[in-house]
Each structure stands twice: as structure tokens, then as C-alpha cells.
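Q: I am sharing work_4.csv, which consists of CSV, C-alpha atoms and all ligand atoms:
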```
chain,number,residue,atom,x,y,z
A,1415,MET,CA,131.1,94.2,56.1
A,1416,SER,CA,129.0,91.4,57.5
A,1417,SER,CA,125.5,92.2,58.7
A,1418,TYR,CA,125.3,89.1,60.8
A,1419,VAL,CA,123.7,89.6,64.2
A,1420,PRO,CA,124.2,86.8,66.7
A,1421,GLY,CA,120.8,85.5,67.9
A,1422,LEU,CA,119.1,87.9,65.5
A,1423,GLU,CA,119.0,90.3,68.4
A,1424,GLY,CA,117.2,93.4,67.4
A,1425,VAL,CA,116.4,92.1,63.9
A,1426,VAL,CA,112.8,92.7,62.8
A,1427,ALA,CA,111.7,89.4,61.3
A,1428,ALA,CA,108.0,90.0,60.9
A,1429,GLN,CA,105.3,92.6,61.1
A,1430,THR,CA,102.5,91.7,63.6
A,1431,ALA,CA,99.3,93.1,64.8
A,1432,ILE,CA,99.0,90.6,67.6
A,1433,SER,CA,101.3,91.7,70.4
A,1434,LEU,CA,103.8,94.4,71.3
A,1435,VAL,CA,106.7,93.7,73.7
A,1436,ASP,CA,108.0,97.1,74.8
A,1437,GLY,CA,111.2,96.1,76.5
A,1438,ALA,CA,112.4,99.6,77.4
A,1439,ASN,CA,109.1,100.5,79.2
A,1440,GLY,CA,108.3,97.0,80.6
A,1441,ARG,CA,105.0,96.9,78.7
A,1442,LEU,CA,103.2,94.0,77.0
A,1443,VAL,CA,100.2,94.8,74.7
A,1444,TYR,CA,97.8,92.4,73.0
A,1445,ARG,CA,96.2,94.0,70.0
A,1446,GLY,CA,96.2,97.4,71.7
A,1447,TYR,CA,95.3,96.3,75.2
A,1448,VAL,CA,97.9,96.6,78.0
A,1449,ILE,CA,98.3,93.2,79.6
A,1450,ALA,CA,97.5,94.5,83.1
A,1451,ASP,CA,94.0,95.5,81.9
A,1452,LEU,CA,93.4,92.0,80.6
A,1453,ALA,CA,95.1,89.8,83.2
A,1454,GLU,CA,92.7,89.7,86.0
A,1455,GLU,CA,89.4,90.6,84.3
A,1456,MET,CA,89.3,88.5,81.1
A,1457,SER,CA,88.9,84.8,80.7
A,1458,PHE,CA,91.4,82.9,78.6
A,1459,GLU,CA,88.7,82.3,76.0
A,1460,GLU,CA,88.1,86.1,75.6
A,1461,VAL,CA,91.8,86.6,75.2
A,1462,ALA,CA,92.1,83.8,72.7
A,1463,HIS,CA,89.3,85.4,70.7
A,1464,LEU,CA,91.2,88.7,70.8
A,1465,LEU,CA,94.3,87.0,69.5
A,1466,TRP,CA,92.6,85.0,66.7
A,1467,TYR,CA,90.0,87.5,65.6
A,1468,GLY,CA,91.6,90.8,66.5
A,1469,ARG,CA,88.9,92.0,68.9
A,1470,LEU,CA,87.3,91.1,72.2
A,1471,PRO,CA,84.2,89.0,71.7
A,1472,THR,CA,80.6,90.0,72.2
A,1473,ARG,CA,78.6,87.7,74.5
A,1474,ALA,CA,77.3,85.7,71.5
A,1475,GLU,CA,80.7,85.4,70.0
A,1476,LEU,CA,82.2,84.3,73.3
A,1477,ASP,CA,79.4,81.7,73.7
A,1478,ALA,CA,80.1,80.4,70.2
A,1479,LEU,CA,83.8,80.2,70.8
A,1480,THR,CA,83.4,78.5,74.1
A,1481,LEU,CA,81.1,75.9,72.5
A,1482,GLU,CA,83.6,75.2,69.8
A,1483,LEU,CA,86.5,74.9,72.3
A,1484,VAL,CA,84.4,72.5,74.5
A,1485,GLY,CA,83.5,70.4,71.5
A,1486,SER,CA,87.2,70.0,70.6
A,1487,ARG,CA,88.5,68.9,73.9
A,1488,ALA,CA,88.2,65.1,73.5
A,1489,LEU,CA,91.2,63.3,72.0
A,1490,THR,CA,91.1,61.4,68.8
A,1491,PRO,CA,91.5,57.6,69.1
A,1492,ALA,CA,95.1,57.7,67.8
A,1493,ALA,CA,96.0,60.6,70.1
A,1494,ALA,CA,94.5,58.7,73.1
A,1495,ALA,CA,96.4,55.5,72.1
A,1496,THR,CA,99.7,57.4,71.8
A,1497,LEU,CA,99.2,58.9,75.2
A,1498,LYS,CA,98.8,55.3,76.6
A,1499,ALA,CA,101.8,54.0,74.6
A,1500,LEU,CA,104.4,56.4,75.8
A,1501,PRO,CA,106.5,55.4,78.8
A,1502,LYS,CA,105.2,56.8,82.1
A,1503,ASP,CA,108.4,58.6,82.7
A,1504,THR,CA,108.4,60.6,79.4
A,1505,ASP,CA,108.9,64.3,79.8
A,1506,PRO,CA,105.4,65.9,79.5
A,1507,MET,CA,106.8,68.3,76.9
A,1508,ASP,CA,107.8,65.3,74.8
A,1509,VAL,CA,104.3,63.8,75.4
A,1510,LEU,CA,102.7,67.0,74.2
A,1511,ARG,CA,104.9,67.2,71.1
A,1512,SER,CA,104.3,63.6,70.2
A,1513,VAL,CA,100.5,63.6,70.6
A,1514,VAL,CA,100.1,66.9,68.8
A,1515,SER,CA,102.1,65.4,65.9
A,1516,VAL,CA,99.8,62.3,65.9
A,1517,GLN,CA,96.8,64.6,65.9
A,1518,GLY,CA,98.3,66.2,62.8
A,1519,VAL,CA,98.5,62.8,61.0
A,1520,GLU,CA,95.0,61.9,62.0
A,1521,HIS,CA,93.3,65.1,61.0
A,1522,ARG,CA,95.4,65.5,57.9
A,1523,LEU,CA,95.6,69.1,58.9
A,1524,SER,CA,96.3,71.2,55.9
A,1525,LYS,CA,96.0,75.0,55.6
A,1526,PRO,CA,95.9,76.6,59.0
A,1527,THR,CA,92.4,77.9,59.9
A,1528,ILE,CA,90.7,79.3,63.0
A,1529,PRO,CA,88.8,76.1,63.6
A,1530,LEU,CA,92.0,74.1,63.5
A,1531,ALA,CA,93.6,76.6,65.9
A,1532,ILE,CA,90.7,76.2,68.3
A,1533,HIS,CA,90.9,72.4,68.0
A,1534,ALA,CA,94.6,72.4,68.9
A,1535,THR,CA,94.3,74.8,71.7
A,1536,ALA,CA,91.3,72.9,73.2
A,1537,SER,CA,93.2,69.6,73.1
A,1538,PHE,CA,96.4,70.6,74.9
A,1539,PRO,CA,94.9,70.4,78.5
A,1540,THR,CA,93.3,67.0,77.7
A,1541,ILE,CA,96.6,65.6,76.5
A,1542,LEU,CA,98.6,66.8,79.6
A,1543,ALA,CA,95.9,66.0,82.2
A,1544,GLY,CA,95.4,62.5,80.7
A,1545,PHE,CA,99.2,61.8,80.9
A,1546,HIS,CA,99.4,63.2,84.5
A,1547,ARG,CA,96.6,60.8,85.5
A,1548,ARG,CA,98.3,57.9,83.8
A,1549,GLN,CA,101.5,58.7,85.7
A,1550,LEU,CA,99.6,58.5,88.9
A,1551,GLY,CA,98.0,55.1,87.8
A,1552,LEU,CA,94.6,56.7,87.5
A,1553,GLU,CA,92.0,56.8,84.7
A,1554,PRO,CA,91.8,60.1,82.7
A,1555,VAL,CA,89.1,62.5,83.8
A,1556,LYS,CA,86.7,63.4,80.9
A,1557,PRO,CA,86.5,67.1,80.0
A,1558,ARG,CA,83.6,68.9,81.6
A,1559,ALA,CA,81.5,70.9,79.2
A,1560,ASP,CA,80.3,73.2,82.0
A,1561,LEU,CA,83.8,74.4,83.0
A,1562,ALA,CA,85.9,77.1,81.3
A,1563,HIS,CA,89.4,76.3,79.9
A,1564,ALA,CA,91.3,76.9,83.2
A,1565,ALA,CA,88.8,75.3,85.5
A,1566,ASN,CA,88.4,72.3,83.2
A,1567,TYR,CA,92.2,71.8,83.0
A,1568,LEU,CA,92.5,71.8,86.8
A,1569,CYS,CA,89.5,69.4,87.1
A,1570,MET,CA,91.0,67.0,84.6
A,1571,LEU,CA,94.4,67.1,86.4
A,1572,ASN,CA,93.0,66.6,89.9
A,1573,GLY,CA,89.8,64.7,89.4
A,1574,LYS,CA,87.9,67.4,91.2
A,1575,GLU,CA,86.9,71.0,90.8
A,1576,SER,CA,89.5,73.5,92.2
A,1577,THR,CA,88.7,76.5,94.4
A,1578,PRO,CA,87.7,79.7,92.6
A,1579,GLU,CA,90.9,81.3,93.8
A,1580,LEU,CA,93.1,78.7,92.1
A,1581,VAL,CA,91.0,78.7,88.9
A,1582,ARG,CA,91.4,82.4,88.8
A,1583,ALA,CA,95.2,82.1,89.3
A,1584,LEU,CA,95.5,79.7,86.5
A,1585,ASN,CA,93.3,81.8,84.2
A,1586,THR,CA,95.4,84.8,84.9
A,1587,TYR,CA,98.6,82.8,84.2
A,1588,LEU,CA,97.1,81.6,80.9
A,1589,VAL,CA,96.1,85.2,79.9
A,1590,LEU,CA,99.6,86.5,80.7
A,1591,LEU,CA,101.5,83.9,78.8
A,1592,ALA,CA,99.3,83.7,75.7
A,1593,ASP,CA,101.5,85.8,73.4
A,1594,HIS,CA,104.8,87.6,73.4
A,1595,GLY,CA,106.0,89.0,70.1
A,1596,MET,CA,108.7,87.3,68.1
A,1597,ASN,CA,110.0,84.9,70.8
A,1598,ALA,CA,111.9,81.7,69.7
A,1599,SER,CA,108.9,79.3,69.6
A,1600,THR,CA,106.6,81.8,67.8
A,1601,PHE,CA,109.3,82.5,65.3
A,1602,THR,CA,109.7,78.8,64.8
A,1603,ALA,CA,106.0,78.4,64.2
A,1604,ARG,CA,106.0,81.2,61.7
A,1605,VAL,CA,109.0,79.8,59.8
A,1606,ILE,CA,107.2,76.5,59.4
A,1607,ALA,CA,104.0,78.2,58.5
A,1608,SER,CA,105.9,80.2,55.8
A,1609,THR,CA,106.7,77.0,54.0
A,1610,ASP,CA,103.0,76.3,53.6
A,1611,SER,CA,103.1,73.4,56.1
A,1612,ASP,CA,100.2,72.3,58.2
A,1613,ILE,CA,99.2,73.8,61.6
A,1614,ALA,CA,100.2,70.6,63.6
A,1615,SER,CA,103.7,70.8,62.2
A,1616,CYS,CA,103.9,74.5,63.2
A,1617,LEU,CA,102.9,73.6,66.7
A,1618,VAL,CA,105.3,70.6,67.0
A,1619,GLY,CA,108.1,72.9,66.1
A,1620,ALA,CA,107.0,75.6,68.5
A,1621,ILE,CA,106.7,73.1,71.4
A,1622,ALA,CA,110.2,71.8,70.6
A,1623,ALA,CA,111.6,75.4,70.7
A,1624,LEU,CA,109.7,76.2,74.0
A,1625,LYS,CA,111.2,73.1,75.7
A,1626,GLY,CA,114.7,74.6,76.2
A,1627,PRO,CA,115.6,76.2,79.5
A,1628,ALA,CA,116.5,79.5,77.8
A,1629,HIS,CA,112.8,79.7,76.9
A,1630,GLY,CA,109.9,77.9,78.5
A,1631,GLY,CA,111.9,75.2,80.3
A,1632,ALA,CA,113.0,77.7,82.9
A,1633,PRO,CA,110.3,77.5,85.6
A,1634,SER,CA,110.9,73.9,86.5
A,1635,GLN,CA,114.6,74.9,86.9
A,1636,VAL,CA,113.6,77.8,89.0
A,1637,MET,CA,112.1,75.2,91.4
A,1638,ASP,CA,115.3,73.1,91.2
A,1639,GLN,CA,117.4,76.2,92.2
A,1640,LEU,CA,115.0,77.1,95.0
A,1641,GLU,CA,115.2,73.6,96.3
A,1642,GLN,CA,119.0,73.7,96.3
A,1643,ILE,CA,119.0,77.1,98.0
A,1644,GLY,CA,116.6,75.8,100.7
A,1645,THR,CA,116.3,78.8,103.0
A,1646,PRO,CA,116.4,82.6,102.6
A,1647,GLU,CA,119.6,82.6,104.8
A,1648,ASN,CA,121.4,80.4,102.3
A,1649,ALA,CA,120.5,82.5,99.3
A,1650,GLU,CA,123.5,84.8,99.2
A,1651,HIS,CA,126.1,82.0,99.8
A,1652,TRP,CA,124.5,79.6,97.2
A,1653,MET,CA,124.1,82.3,94.6
A,1654,ARG,CA,127.6,83.7,94.9
A,1655,GLU,CA,129.1,80.2,94.7
A,1656,ALA,CA,126.8,79.5,91.6
A,1657,ARG,CA,128.1,82.5,89.8
A,1658,LYS,CA,131.7,81.4,90.4
A,1659,ARG,CA,130.7,78.4,88.3
A,1660,LYS,CA,129.0,80.7,85.7
A,1661,VAL,CA,125.6,79.2,86.6
A,1662,ARG,CA,122.7,81.4,85.3
A,1663,PHE,CA,120.0,82.3,87.8
A,1664,MET,CA,116.8,80.8,86.4
A,1665,GLY,CA,113.9,83.3,86.1
A,1666,PHE,CA,116.2,86.3,85.5
A,1667,GLY,CA,117.3,88.1,82.4
A,1668,HIS,CA,115.5,88.6,79.1
A,1669,ARG,CA,116.4,89.3,75.5
A,1670,VAL,CA,114.0,92.2,75.2
A,1671,TYR,CA,113.0,93.5,78.7
A,1672,ARG,CA,115.5,95.8,80.3
A,1673,THR,CA,113.2,96.5,83.1
A,1674,TYR,CA,110.7,94.4,85.2
A,1675,ASP,CA,108.7,92.0,83.1
A,1676,PRO,CA,105.1,93.3,83.5
A,1677,ARG,CA,103.8,89.7,83.7
A,1678,ALA,CA,106.2,88.9,86.5
A,1679,LYS,CA,104.8,91.9,88.5
A,1680,ILE,CA,101.3,90.5,88.3
A,1681,LEU,CA,102.4,86.9,89.1
A,1682,LYS,CA,104.6,88.1,92.0
A,1683,ALA,CA,101.6,89.7,93.7
A,1684,MET,CA,99.5,86.6,93.0
A,1685,CYS,CA,102.2,84.4,94.4
A,1686,GLU,CA,102.4,86.3,97.6
A,1687,ARG,CA,98.6,85.7,98.1
A,1688,ILE,CA,98.4,82.0,97.1
A,1689,ASN,CA,101.8,80.6,97.8
A,1690,PRO,CA,103.3,82.4,100.8
A,1691,THR,CA,105.9,79.7,101.6
A,1692,PHE,CA,107.3,79.9,98.0
A,1693,TYR,CA,107.1,83.7,98.2
A,1694,ALA,CA,109.2,83.9,101.4
A,1695,LEU,CA,112.1,82.2,99.8
A,1696,ALA,CA,111.6,83.4,96.3
A,1697,SER,CA,111.5,87.1,97.2
A,1698,LYS,CA,114.8,86.8,99.1
A,1699,VAL,CA,116.4,84.9,96.2
A,1700,GLU,CA,115.1,87.6,93.8
A,1701,GLU,CA,116.5,90.4,95.8
A,1702,THR,CA,119.9,88.6,96.0
A,1703,ALA,CA,119.9,87.7,92.3
A,1704,LEU,CA,119.2,91.2,91.2
A,1705,ALA,CA,121.9,92.6,93.5
A,1706,ILE,CA,124.5,90.2,92.2
A,1707,LEU,CA,123.6,90.7,88.6
A,1708,HIS,CA,123.8,94.5,89.1
A,1709,GLU,CA,127.1,94.2,90.8
A,1710,GLU,CA,128.5,92.1,88.0
A,1711,HIS,CA,127.4,94.3,85.2
A,1712,PRO,CA,125.9,97.7,86.4
A,1713,GLU,CA,125.8,98.8,82.7
A,1714,ARG,CA,123.6,95.9,81.6
A,1715,PRO,CA,120.3,95.8,83.6
A,1716,GLN,CA,118.9,92.3,84.2
A,1717,ALA,CA,115.4,91.9,85.7
A,1718,THR,CA,113.1,89.2,86.9
A,1719,ASN,CA,111.4,87.4,84.1
A,1720,VAL,CA,108.0,85.8,83.8
A,1721,GLU,CA,109.3,82.3,84.7
A,1722,PHE,CA,110.4,83.1,88.2
A,1723,TYR,CA,107.0,83.7,89.9
A,1724,SER,CA,105.2,81.5,87.4
A,1725,ALA,CA,106.9,78.6,89.2
A,1726,GLY,CA,105.2,79.6,92.5
A,1727,VAL,CA,101.8,80.1,90.9
A,1728,LEU,CA,101.9,76.8,89.1
A,1729,GLN,CA,103.1,75.0,92.3
A,1730,ALA,CA,100.2,76.5,94.2
A,1731,ILE,CA,97.6,75.2,91.7
A,1732,GLY,CA,99.0,71.7,92.3
A,1733,LEU,CA,101.1,71.1,89.2
A,1734,PRO,CA,104.3,69.0,89.5
A,1735,LYS,CA,107.3,71.0,88.1
A,1736,GLU,CA,107.6,68.8,85.0
A,1737,PHE,CA,104.2,70.2,84.0
A,1738,PHE,CA,105.2,73.8,84.2
A,1739,PRO,CA,106.7,74.1,80.6
A,1740,PRO,CA,103.8,72.3,78.9
A,1741,THR,CA,101.3,74.4,80.9
A,1742,PHE,CA,103.1,77.4,79.3
A,1743,ALA,CA,102.3,75.7,76.0
A,1744,VAL,CA,98.6,75.4,77.0
A,1745,SER,CA,98.5,79.2,77.1
A,1746,ARG,CA,100.9,80.0,74.2
A,1747,ALA,CA,98.9,77.7,71.9
A,1748,ALA,CA,96.6,80.7,71.3
A,1749,GLY,CA,99.4,83.0,70.4
A,1750,TRP,CA,101.3,80.5,68.2
A,1751,THR,CA,98.2,79.7,66.2
A,1752,ALA,CA,97.3,83.4,65.9
A,1753,HIS,CA,100.8,84.0,64.5
A,1754,VAL,CA,100.5,81.1,62.1
A,1755,LEU,CA,97.3,82.5,60.8
A,1756,GLU,CA,98.8,85.9,60.5
A,1757,GLN,CA,101.8,84.5,58.6
A,1758,VAL,CA,99.7,82.6,56.1
A,1759,ALA,CA,97.4,85.5,55.5
A,1760,ASN,CA,100.3,87.5,54.1
A,1761,ASN,CA,102.9,84.9,53.5
A,1762,ARG,CA,106.4,85.2,52.2
A,1763,LEU,CA,108.8,82.3,52.7
A,1764,ILE,CA,111.1,83.0,55.6
A,1765,ARG,CA,114.5,82.3,54.2
A,1766,PRO,CA,117.4,84.3,55.6
A,1767,GLN,CA,121.0,84.2,54.5
A,1768,SER,CA,124.0,82.8,56.2
A,1769,GLU,CA,127.6,84.1,56.1
A,1770,TYR,CA,130.0,81.4,55.0
A,1771,ILE,CA,133.1,81.3,57.3
A,1772,GLY,CA,134.3,77.8,56.2
A,1773,PRO,CA,137.5,76.9,54.3
A,1774,GLU,CA,138.6,78.5,51.0
A,1775,LEU,CA,137.8,76.5,47.9
A,1776,ARG,CA,139.9,73.3,47.7
A,1777,LYS,CA,140.2,70.0,45.8
A,1778,PRO,CA,139.2,66.7,47.5
A,1779,VAL,CA,142.2,64.3,48.0
A,1780,PRO,CA,141.3,60.7,47.1
A,1781,LEU,CA,140.9,58.3,50.0
A,1782,ALA,CA,144.0,56.3,49.2
A,1783,GLU,CA,146.1,59.5,49.5
A,1784,ARG,CA,144.6,60.7,52.8
A,1785,GLY,CA,146.5,58.2,55.0
A,1801,LIG,C1,116.7,84.6,79.0
A,1801,LIG,C2,118.2,84.6,78.6
A,1801,LIG,C3,118.5,83.3,77.7
A,1801,LIG,C4,118.4,85.8,77.7
A,1801,LIG,O1,119.5,85.6,77.0
A,1801,LIG,P1,120.3,86.7,76.2
A,1801,LIG,O2,119.4,87.8,75.7
A,1801,LIG,O3,120.9,86.0,75.1
A,1801,LIG,O4,121.2,87.3,77.2
A,1801,LIG,P2,122.8,87.1,77.2
A,1801,LIG,O5,123.0,85.6,77.1
A,1801,LIG,O6,123.3,87.9,76.1
A,1801,LIG,O7,123.2,87.6,78.6
A,1801,LIG,C5,124.0,88.7,78.7
A,1801,LIG,C6,124.9,88.5,79.9
A,1801,LIG,O8,124.1,88.5,81.0
A,1801,LIG,C7,124.3,87.3,81.8
A,1801,LIG,N1,123.1,86.8,82.2
A,1801,LIG,C8,121.9,86.9,81.6
A,1801,LIG,N2,121.0,86.2,82.3
A,1801,LIG,C9,121.5,85.8,83.4
A,1801,LIG,C10,121.1,85.1,84.5
A,1801,LIG,N3,119.8,84.6,84.5
A,1801,LIG,N4,122.0,84.7,85.5
A,1801,LIG,C11,123.2,85.2,85.4
A,1801,LIG,N5,123.7,85.9,84.4
A,1801,LIG,C12,122.9,86.2,83.4
A,1801,LIG,C13,125.0,86.3,80.8
A,1801,LIG,O9,125.8,85.4,81.6
A,1801,LIG,C14,125.7,87.1,79.9
A,1801,LIG,O10,126.9,87.5,80.4
A,1801,LIG,P3,128.2,87.0,79.7
A,1801,LIG,O11,128.2,87.6,78.3
A,1801,LIG,O12,129.3,87.5,80.6
A,1801,LIG,O13,128.2,85.5,79.6
A,1801,LIG,C15,119.2,84.6,79.7
A,1801,LIG,O14,118.9,85.8,80.5
A,1801,LIG,C16,119.0,83.4,80.6
A,1801,LIG,O15,119.7,82.4,80.3
A,1801,LIG,N6,118.2,83.5,81.7
A,1801,LIG,C17,118.0,82.3,82.6
A,1801,LIG,C18,117.0,81.4,82.0
A,1801,LIG,C19,115.6,82.0,82.0
A,1801,LIG,O16,115.1,82.5,83.0
A,1801,LIG,N7,114.9,81.8,80.9
A,1801,LIG,C20,113.5,82.2,80.7
A,1801,LIG,C21,113.4,83.4,79.8
A,1801,LIG,S1,111.8,84.1,79.8
```
Give the structure from the file, written as C-alpha cells.
Ligand SMILES: CC(C)(COP(=O)(O)OP(=O)(O)OC[C@H]1O[C@@H](n2cnc3c(N)ncnc32)[C@H](O)[C@@H]1OP(=O)(O)O)[C@@H](O)C(=O)NCCC(=O)NCCS
A:
Amino acid sequence: MSSYVPGLEGVVAAQTAISLVDGANGRLVYRGYVIADLAEEMSFEEVAHLLWYGRLPTRAELDALTLELVGSRALTPAAAATLKALPKDTDPMDVLRSVVSVQGVEHRLSKPTIPLAIHATASFPTILAGFHRRQLGLEPVKPRADLAHAANYLCMLNGKESTPELVRALNTYLVLLADHGMNASTFTARVIASTDSDIASCLVGAIAALKGPAHGGAPSQVMDQLEQIGTPENAEHWMREARKRKVRFMGFGHRVYRTYDPRAKILKAMCERINPTFYALASKVEETALAILHEEHPERPQATNVEFYSAGVLQAIGLPKEFFPPTFAVSRAAGWTAHVLEQVANNRLIRPQSEYIGPELRKPVPLAERG
């Protein structure tokens, strides 16, 4: 009998000490720490240290890591030139994928190391903010050495420092999204790492996997759906009509969580504080979506996923919706690179089997006889 499992659902494809996604209990754990204990207290830098080195940093370790991240923010000449060469209406995910690829060429990145992970992670905000400024017809804003990862990203995007509340919101978002078990983009990165490829190639593959709406492309589509729904009063009608056309509700459902995504819980509370207009519509849409999904399949629990309220948080910090998916990548860069390092530290080529379901053996008919 075939052991094929569509979508590899439930298949254990790696052992990892980096994060645990406990779908049944709605828990996400980074190296032993429950996400709720990290989300609002830790800086993204502390969490990146945790993911890369396996432990929270001491003050001296955090200062050293911060210095290294700050020193790696500027783009290389070829990366900066690529940013300028791409058409202004390029999808920012494609911009990120292309510039990261060019950085790989330039650095001749070979075996993945922590310094290379730091360099890549530090450069993502500079790439995206630089492109955003260009789209607006503005000069890029130089990275600020005195600002932390989240604050510097916002400053490079907007040309001015953001309020502490918005910086905190982005920092929490970056902490929450930094890693998530064997999701599609992380798996992609690990497969590429397992072939002894370089770190830039792993990241390019991961970005490509993240782009799809079934993964990191969802929050911009959450915005599209909310725009179409328009008002809380229209939610029920719009959503019932949408389901007749088999439209999926963006920001709902998950391969692993069968209960409320713990990240969504934190982002929901934050959204209520910093984006009340979004929250008023979104909370009604959420209530309606969950009711309809339950009605359709009471036996198959579907819950709100991280992308739903991410959209409201990212909107509040002033990001256009096209920048939601690559901002997910700004955070996940830490997790991807941690997984790449873990893979190469104990590598075995990832090479599964496929089950052949094609035609029986047959002989080719010469072209002249094929009509
Ligand atoms: C995330 C997602 C891809 C998970 O997919 P999955 O584990 O493969 O789930 P399945 O595709 O097996 O879904 C099982 C069933 O639930 C339904 N379902 C799942 N999510 C749904 C949603 N958001 N809206 C409506 N129905 C949904 C599917 O239609 C499917 O029913 P069917 O077999 O009758 O077609 C899926 O829930 C989805 O497309 N969600 C919307 C996009 C999104 O929010 N992505 C971000 C993920 S963090």
C-alpha cells in the first residue's frame, strides 16, 4: 500500500531544537520559551540571538550582536544597483528575492555561518525600505546605527522616527513571526541547505515559497477582502456569497493549529489598541467567518490564523499592503537562517521518494507513424 501523504501532512521531515508548534493546544515555543513570554518583553535582536545561538543573550552578547547587525545594514553596490534597476511597480517580494540573490553572487556566500545569517537578516529592511522610497520618488534613508531593528526599519521607510507605540508594535510582530516549525518556506530553505548550497540560495527559495497566498501572501489579501466587505453590516452577506463561489476566507485556517493561533491572540489585542477602525470591521468579519466555517464543517475546527490581525498591525505602522508579505520575511529571516544552520550542522540530503502513477511501460512510436 502507498504511504503517500498529500501535502506531507503530519509527516515528520526534520528534528529541530528551534521551535515547537503545538497545534492541539495553540502553543508556539521558541527554544523552550512560550511565545507569549517573549512577544512583548524581548527585542527582535534578543529573539534572533535565541534562535541562532540557542539561548537568550547576556548584555554583552546582545551589544555585540546589535553592533554586528548594525554594521551589516548597508547594501552592497550591486544590491543597491539592482534595487534601482527594477521597475517601480515590481512586487516587493520579487524585489527582495532578486536583491537577496544578487547579494549571494556578490558575497560568494558559501557555507552558511552565523555572520552570514546576521548579514542577510540585517539587510532585508534596507532592501525593502529603499525600494519603498524609490516607489515614492524619494531618496533612500540611510540606516541609523542608534536605532534597533524595528525602529530603524520604520525610520528608513518613513524618513522619520516612529512613535514608541508603533515601534513596539512592529517589534512584537517581528518576534511573533520569527519562526514556526516546519512551515513551507522553512522546509524549502532546509531542502536547499541539505544540498550543501549557499545561504543566499536557501533564502531565495524561502522567499519564493513565502510569497504564495497559502503562506505569507495572505495578509495583503486579508486587506483586499476587508476592502470588498466594506462595512460590518455587509460581512455576513459578502461572506456567504463568497463561500458559494468556494472563495477561502483569508486569515483563517491552518495546517497545524486546530485552535486559536497564539500569535493571532496577541496581534488581535494589539490591533484593538493601535488600529481601532480596522478592528471594528475585522472583529465582525472574524466572528462571521468562524461561524460560517463551523456551520460548513463542525467536525473540522478552523480558527483565525496569524495573518488576519497582522494585516491591521502592519497597516497601523504605515505599511502599504504590498509590503506585508516581505515584512513577514524581515522577521522570518532569523528563523530561516537558524534552520539552515541547524540543517548543515547535522546534514543528510533531503531526498524523498515519489510514487509513480504514470502509464505502464510502452514503446515509442516513430514520428512518421504518429499521424
Ligand atoms: C492555510 C491553509 C492553506 C491551510 O490549508 P490546509 O491545511 O491544506 O487546509 P485544507 O486545504 O486541507 O482545508 C481543509 C478544508 O477546509 C476549508 N478551508 C480551509 N481554510 C479555509 C478558509 N480560510 N476559508 C474557507 N474554507 C477553508 C477548505 O476549503 C477545505 O475544504 P474542502 O476540502 O471542502 O475544499 C488554508 O486554511 C487556507 O487557504 N487559508 C486561507 C489563506 C491563509 O490565511 N493563509 C495563511 C496561512 S498562515
Q: Tell me which protein, DNA and RNA residues are within 9 Å of stretch 1528-1530 of chain A, counting all atoms listed in the file, leaving out same-chain ones fewer than 6 positions away, and put them as a list of chain:residue names.
A: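 Near neighbours after the sequence-gap exclusion: A:Trp1466, A:Tyr1467, A:Glu1482, A:Ile1613, A:Ala1614, A:Thr1751, A:Ala1752, A:Leu1755.
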Q: Please determine, counting all atoms listed in the file, which residue among A:Pro1627, A:Gly1573, A:Gly1619, A:Pro1780 has the shortest atom-to-atom distance to A:Ser1512.
A: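 When distances to A:Ser1512 are compared using all atoms listed in the file, the smallest one comes from A:Gly1619.
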Q: Hey, what's within 12 Å of A:Gly1485 if we count all atoms listed in the file and toss same-chain stuff fewer than 3 positions away? As JSON, numbers by chain, please?
A: {"A": [1478, 1479, 1480, 1481, 1482, 1488, 1489, 1529, 1532, 1533, 1534, 1535, 1536, 1537, 1557, 1558, 1559, 1560, 1563]}
Q: Residues within 6 Å of ligand LIG 1801 (chain A), counting all atoms listed in the file: report them as a ChimeraX atom specification.
A: /A:1627-1629,1632,1662-1669,1719-1721
Q: So which one's closest to A:Met1456, A:Val1758, A:Leu1588, A:Leu1550, A:Leu1483? Using only C-alpha atoms, please.
A: A:Leu1588
Q: Atom CA of A:Ala1427 and atom CA of A:Tyr1444, how far apart in Å?
A: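 These atoms are spaced 18.4 Å apart.
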Q: Quick one: residues within 9 Å of A:Ser1615, all atoms listed in the file counted, chain neighbours fewer than 6 positions away excluded, as an NGL selection string?
A: :A and (1514-1515 or 1518 or 1523 or 1603 or 1606-1607)
Q: What does the structure give for the distance between atom CA of A:Asn1760 and atom CA of A:Leu1617, in Å to one decimal?
A: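 Rounded to one decimal, the two atoms are 18.9 Å apart.
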Q: Mind pulling up the distance from atom CA of A:Val1484 to atom CA of A:Val1555?
A: 14.4 Å
Q: If we count all atoms listed in the file and set the cut-off at 12 Å, which residues sit around A:Thr1718, ignoring sequence neighbours fewer than 2 positions away in its own chain? Please answer as a PyMOL selection string.
A: chain A and resi 1440+1636+1663-1669+1671-1682+1696-1697+1699-1705+1707+1715-1716+1720-1724
Q: Identify, on the basis of only C-alpha atoms, every residue whose closest approach to A:Leu1552 does not exceed 12 Å; exclude the query and any residue fewer than 3 positions from it along the same chain; express the result as a PyMOL selection string.
A: chain A and resi 1498+1502+1543-1549+1555+1570-1573
Q: Which is closer to A:Ala1620 than all the others in A:Val1744, A:Leu1442, A:Ala1730, A:Leu1434, using all atoms listed in the file?
A: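 Answer, going by the shortest atom-to-atom distance: A:Val1744.
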Q: For A:Gly1468, which residue among A:Thr1540, A:Asn1761, A:Val1516, A:Ser1433 is the nearest when counting only C-alpha atoms?
A: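 Nearest to A:Gly1468: A:Ser1433.
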Q: Counting all atoms listed in the file, figure out which residue out of A:Pro1539, A:Pro1420, A:Gly1644, A:Pro1778 gets nearest to A:Arg1487.
A: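 Between A:Pro1539, A:Pro1420, A:Gly1644, A:Pro1778, the residue approaching A:Arg1487 most closely is A:Pro1539.
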Q: Which polymer residues, protein or nucleic acid, are no farther than 9 Å from (90.6, 84.8, 80.4), counting all atoms listed in the file, as a PDB file with C-alpha atoms, in the coordinates of the input?
A:
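Final output, saved to result-v8.pdb:
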```
ATOM      1  CA  LEU A1452      93.400  92.000  80.600  1.00  0.00           C
ATOM      2  CA  ALA A1453      95.100  89.800  83.200  1.00  0.00           C
ATOM      3  CA  GLU A1454      92.700  89.700  86.000  1.00  0.00           C
ATOM      4  CA  GLU A1455      89.400  90.600  84.300  1.00  0.00           C
ATOM      5  CA  MET A1456      89.300  88.500  81.100  1.00  0.00           C
ATOM      6  CA  SER A1457      88.900  84.800  80.700  1.00  0.00           C
ATOM      7  CA  PHE A1458      91.400  82.900  78.600  1.00  0.00           C
ATOM      8  CA  GLU A1459      88.700  82.300  76.000  1.00  0.00           C
ATOM      9  CA  GLU A1460      88.100  86.100  75.600  1.00  0.00           C
ATOM     10  CA  VAL A1461      91.800  86.600  75.200  1.00  0.00           C
ATOM     11  CA  ALA A1462      92.100  83.800  72.700  1.00  0.00           C
ATOM     12  CA  HIS A1563      89.400  76.300  79.900  1.00  0.00           C
ATOM     13  CA  ALA A1564      91.300  76.900  83.200  1.00  0.00           C
ATOM     14  CA  ARG A1582      91.400  82.400  88.800  1.00  0.00           C
ATOM     15  CA  ASN A1585      93.300  81.800  84.200  1.00  0.00           C
ATOM     16  CA  THR A1586      95.400  84.800  84.900  1.00  0.00           C
ATOM     17  CA  LEU A1588      97.100  81.600  80.900  1.00  0.00           C
ATOM     18  CA  VAL A1589      96.100  85.200  79.900  1.00  0.00           C
TER      19      VAL A1589
END
```
Q: Which one is closest to A:His1651: A:Ile1706, A:Thr1602, A:Asn1689, A:Ala1450? Count all atoms listed in the file.
A: A:Ile1706
